[in-house]
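Note sheet for the following structure.
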Amino acid sequence: MKFGKKEYLNWYRSILLQRRFEEKAAQLYGQQKIKGFCHLYIGQEAITAGMMTAIKKGDKVITAYRDHGHALAMGVSANAVMAELYGKETGCTGGKGGSMHMFSKEHNFVGGHGIVGAQIPMGAGLAFAEQYNNTGNVSLTFFGDGAARQGALHEAYNMAMLWKLPVVFICENNQYAMGTSVERTTNLLDIYKIGLGYDMPSFQVDGMKCETVHEAIFDACEHARSGKGPVFLEIKTYRYRGHSMSDPASYRTKEEVADYKTKDPLETTKATILSKKYASEKELDAMEDEIMTTVNESVEFAENSAYPDASELFTDVYIENDYPYITD
């Protein structure tokens with residue numbers, strides 16, 4: 001596939017927004033403005049940026065709890081994401097989900113899920129709904145390398161292949177499940193090979209480049225959209241921070257982190273833009289200023305928003321409905 005100025009500037013803007021937002025979130029967490037769990041996406045942004053230029057408007061995205069980047073890439077405003085981190089009522093989940101449970105029906109973002117691997121069969125369920133309703137949409141189901149060990153994955157893969165569901169399973173392999181390296185959890189280091197046991201088309205992808213991510217997700221979506229069933233992508237990436245804000249990441253060497261930083265998608269995308277003269281340093285600096293303004297405004301928005309009222313405690317927990325087949 002050939003990519004031009006539009007794609008590279010879109011990718012850079014998306015990566016930059018995610019990076020600066022997450023850096024600000026880390027700072028606010030240190031100030032105890034954000035509390036509870038907080039899992040940053042720094043280093044992995046090429047995946048969501050590359051995804052957004054590859055999918056179609058009605059496609060659904062579901063992921064685990066490292067979800068701020070996915071929400072921002074899908075178009076959820078920085079205000080709504082930051083307010084959710086603050087637990088405020090103006091957040092995208094009404095202040096009830098926090099860092100791990102972002103959600104936006106409007107933007108086809110179906111979460112943000114805290115139970116490891118639970119979103120894998122849920123993603124297959126989303127695909128079943130799209131197939132049943134004949135929408136032509138695809139479910140993009142993200143999970144980490146640690147979640148690839150869950151038994152629910154195998155049940156979902158079996159059913160998805162049996163029913164030829166329009167789902168693209170995406171393992172964001174950032175090399176570590178919490179603090180445990182892939183090498184310490186499995187003898188199968190090439191995670192994509194799991195899908196081969198189900199005759200599922202399965203591929204390994206360089207997740208540090210928007211170009212390779214776009215190509216792989218575009219092709220996978222076209223395959224699934226055409227009725228041929230699911231595809232499994234193992235997208236190899238790296239997180240520059242710990243598993244969560246409470247993780248010092250002392251299990252990694254400085255040399256390993258430094259090596260991956262030479263592949264930083266923010267810097268490599270910027271270098272391509274400059275080398276191809278798609279934008280000047282001055283124009284990219286102006287974009288940076290614009291995005292920093294957006295991030296800073298999101299903090300002000302969250303600070304000035306109210307917490308959910310106590311009367312909202314049970315809202316969205318149960319749905320009251322009168323079903324004709326249910327009697328007292």
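By convention in this document, the chains of the structure tokens carry letters A, B, ... by their order, each chain's residues are numbered from 1, and ligands are numbered from 1 in the order they are shown.
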Once you count only C-alpha atoms, what closest atom pair and distance in Å to one decimal does each residue of segment 173-230 of chain A within 12 Å of segment 261-279 of chain A have, with rows by chain and rising residue number, as a Markdown table?
| residue | atom | partner | partner_atom | distance |
| --- | --- | --- | --- | --- |
| A:Asp206 | CA | A:Lys263 | CA | 10.5 |
| A:Gly207 | CA | A:Pro265 | CA | 8.9 |
| A:Met208 | CA | A:Pro265 | CA | 5.6 |
| A:Lys209 | CA | A:Pro265 | CA | 6.1 |
| A:Cys210 | CA | A:Pro265 | CA | 7.5 |
| A:Glu211 | CA | A:Thr269 | CA | 9.6 |
| A:Thr212 | CA | A:Pro265 | CA | 11.6 |
| A:Val213 | CA | A:Pro265 | CA | 11.4 |
Which residues are close to Leu28 of chain A, i.e. within 12 Å by only C-alpha atoms, leaving aside same-chain residues fewer than 4 positions away? Reply as a short mmCIF file (atom, residue, chain, number, x, y, z; two decimals) with C-alpha atoms, in the first residue's frame.
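Saved the output as part.cif:
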data_model
loop_
_atom_site.label_atom_id
_atom_site.label_comp_id
_atom_site.auth_asym_id
_atom_site.auth_seq_id
_atom_site.Cartn_x
_atom_site.Cartn_y
_atom_site.Cartn_z
CA PHE A 21 -2.06 12.74 27.16
CA GLU A 22 -0.46 9.71 28.82
CA GLU A 23 2.53 11.72 29.99
CA LYS A 24 0.15 14.20 31.60
CA GLN A 32 -2.72 11.94 43.39
CA LYS A 33 -5.20 13.72 41.15
CA ILE A 34 -5.82 10.36 39.45
CA LYS A 35 -6.25 7.41 41.78
CA CYS A 38 -3.69 3.45 35.69
CA MET A 82 -9.42 12.82 31.42
CA LEU A 85 -9.62 9.27 34.94
CA TYR A 86 -10.66 11.81 37.56
CA MET A 245 1.82 3.30 37.54
CA VAL A 295 -4.37 18.11 26.94
CA ASN A 296 -4.06 21.01 29.38
CA SER A 298 -8.75 18.45 29.43
CA VAL A 299 -7.15 18.71 32.86
CA GLU A 300 -8.96 21.99 33.55
CA ALA A 302 -11.76 17.43 34.65
CA GLU A 303 -10.79 19.62 37.62
#
- [ ] Excluding Gly146 of chain A and residues on its chain fewer than 6 positions from it, collect all residues at most 10 Å away from it, counting only C-alpha atoms, and give them as a list in words.
- [x]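 Listed by chain and then number, they are Val116, Gly117, Cys171, Glu172, Asn173, Asn174, Gln175, Tyr176, Ala177, Met178, Thr180, Ser181, Val182 and Thr185 of chain A.
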Could those selected residues go to a file with N, CA and C atoms, as a short mmCIF file (atom, residue, chain, number, x, y, z; two decimals), in the first residue's frame?
data_model
loop_
_atom_site.label_atom_id
_atom_site.label_comp_id
_atom_site.auth_asym_id
_atom_site.auth_seq_id
_atom_site.Cartn_x
_atom_site.Cartn_y
_atom_site.Cartn_z
N VAL A 116 -8.88 -10.02 32.86
CA VAL A 116 -7.90 -10.42 31.84
C VAL A 116 -8.48 -11.47 30.89
N GLY A 117 -8.54 -11.13 29.63
CA GLY A 117 -9.01 -12.04 28.60
C GLY A 117 -10.51 -12.09 28.41
N CYS A 171 -3.48 -9.49 19.23
CA CYS A 171 -2.67 -9.58 20.44
C CYS A 171 -1.61 -8.48 20.38
N GLU A 172 -1.70 -7.52 21.30
CA GLU A 172 -0.68 -6.48 21.42
C GLU A 172 0.43 -7.06 22.30
N ASN A 173 1.39 -7.68 21.67
CA ASN A 173 2.47 -8.35 22.40
C ASN A 173 3.55 -7.34 22.76
N ASN A 174 3.44 -6.79 23.98
CA ASN A 174 4.44 -5.81 24.43
C ASN A 174 5.54 -6.47 25.26
N GLN A 175 5.63 -7.78 25.12
CA GLN A 175 6.72 -8.61 25.67
C GLN A 175 6.56 -9.01 27.14
N TYR A 176 5.66 -8.34 27.87
CA TYR A 176 5.55 -8.63 29.30
C TYR A 176 4.09 -8.67 29.75
N ALA A 177 3.72 -9.75 30.42
CA ALA A 177 2.42 -9.83 31.09
C ALA A 177 2.65 -9.37 32.52
N MET A 178 2.24 -8.18 32.83
CA MET A 178 2.63 -7.51 34.07
C MET A 178 4.16 -7.47 34.12
N THR A 180 6.09 -10.39 33.93
CA THR A 180 6.60 -11.69 33.50
C THR A 180 6.79 -11.70 31.99
N SER A 181 7.99 -11.98 31.54
CA SER A 181 8.27 -11.98 30.11
C SER A 181 7.59 -13.16 29.43
N VAL A 182 7.37 -13.02 28.13
CA VAL A 182 6.74 -14.09 27.35
C VAL A 182 7.54 -15.39 27.47
N THR A 185 6.56 -17.72 30.27
CA THR A 185 5.18 -18.19 30.39
C THR A 185 4.80 -19.23 29.34
#
Task: Among the residues A:Gly125, A:Gly111, A:Gly4, A:Pro308, the one that comes closest to Phe142 of chain A [using only C-alpha atoms] - done: A:Gly111
Task: Every residue of segment 133-307 of chain A that DSSP places in strand (DSSP E or B), as a count of residues only - done: 28
Open item on the list: as a PyMOL selection string, please: every residue in segment 14-225 of chain A that a backbone DSSP assignment puts in alpha helix (DSSP H).
Closed with: chain A and resi 14-30+45-52+68-73+78-86+119-132+151-162+210-223
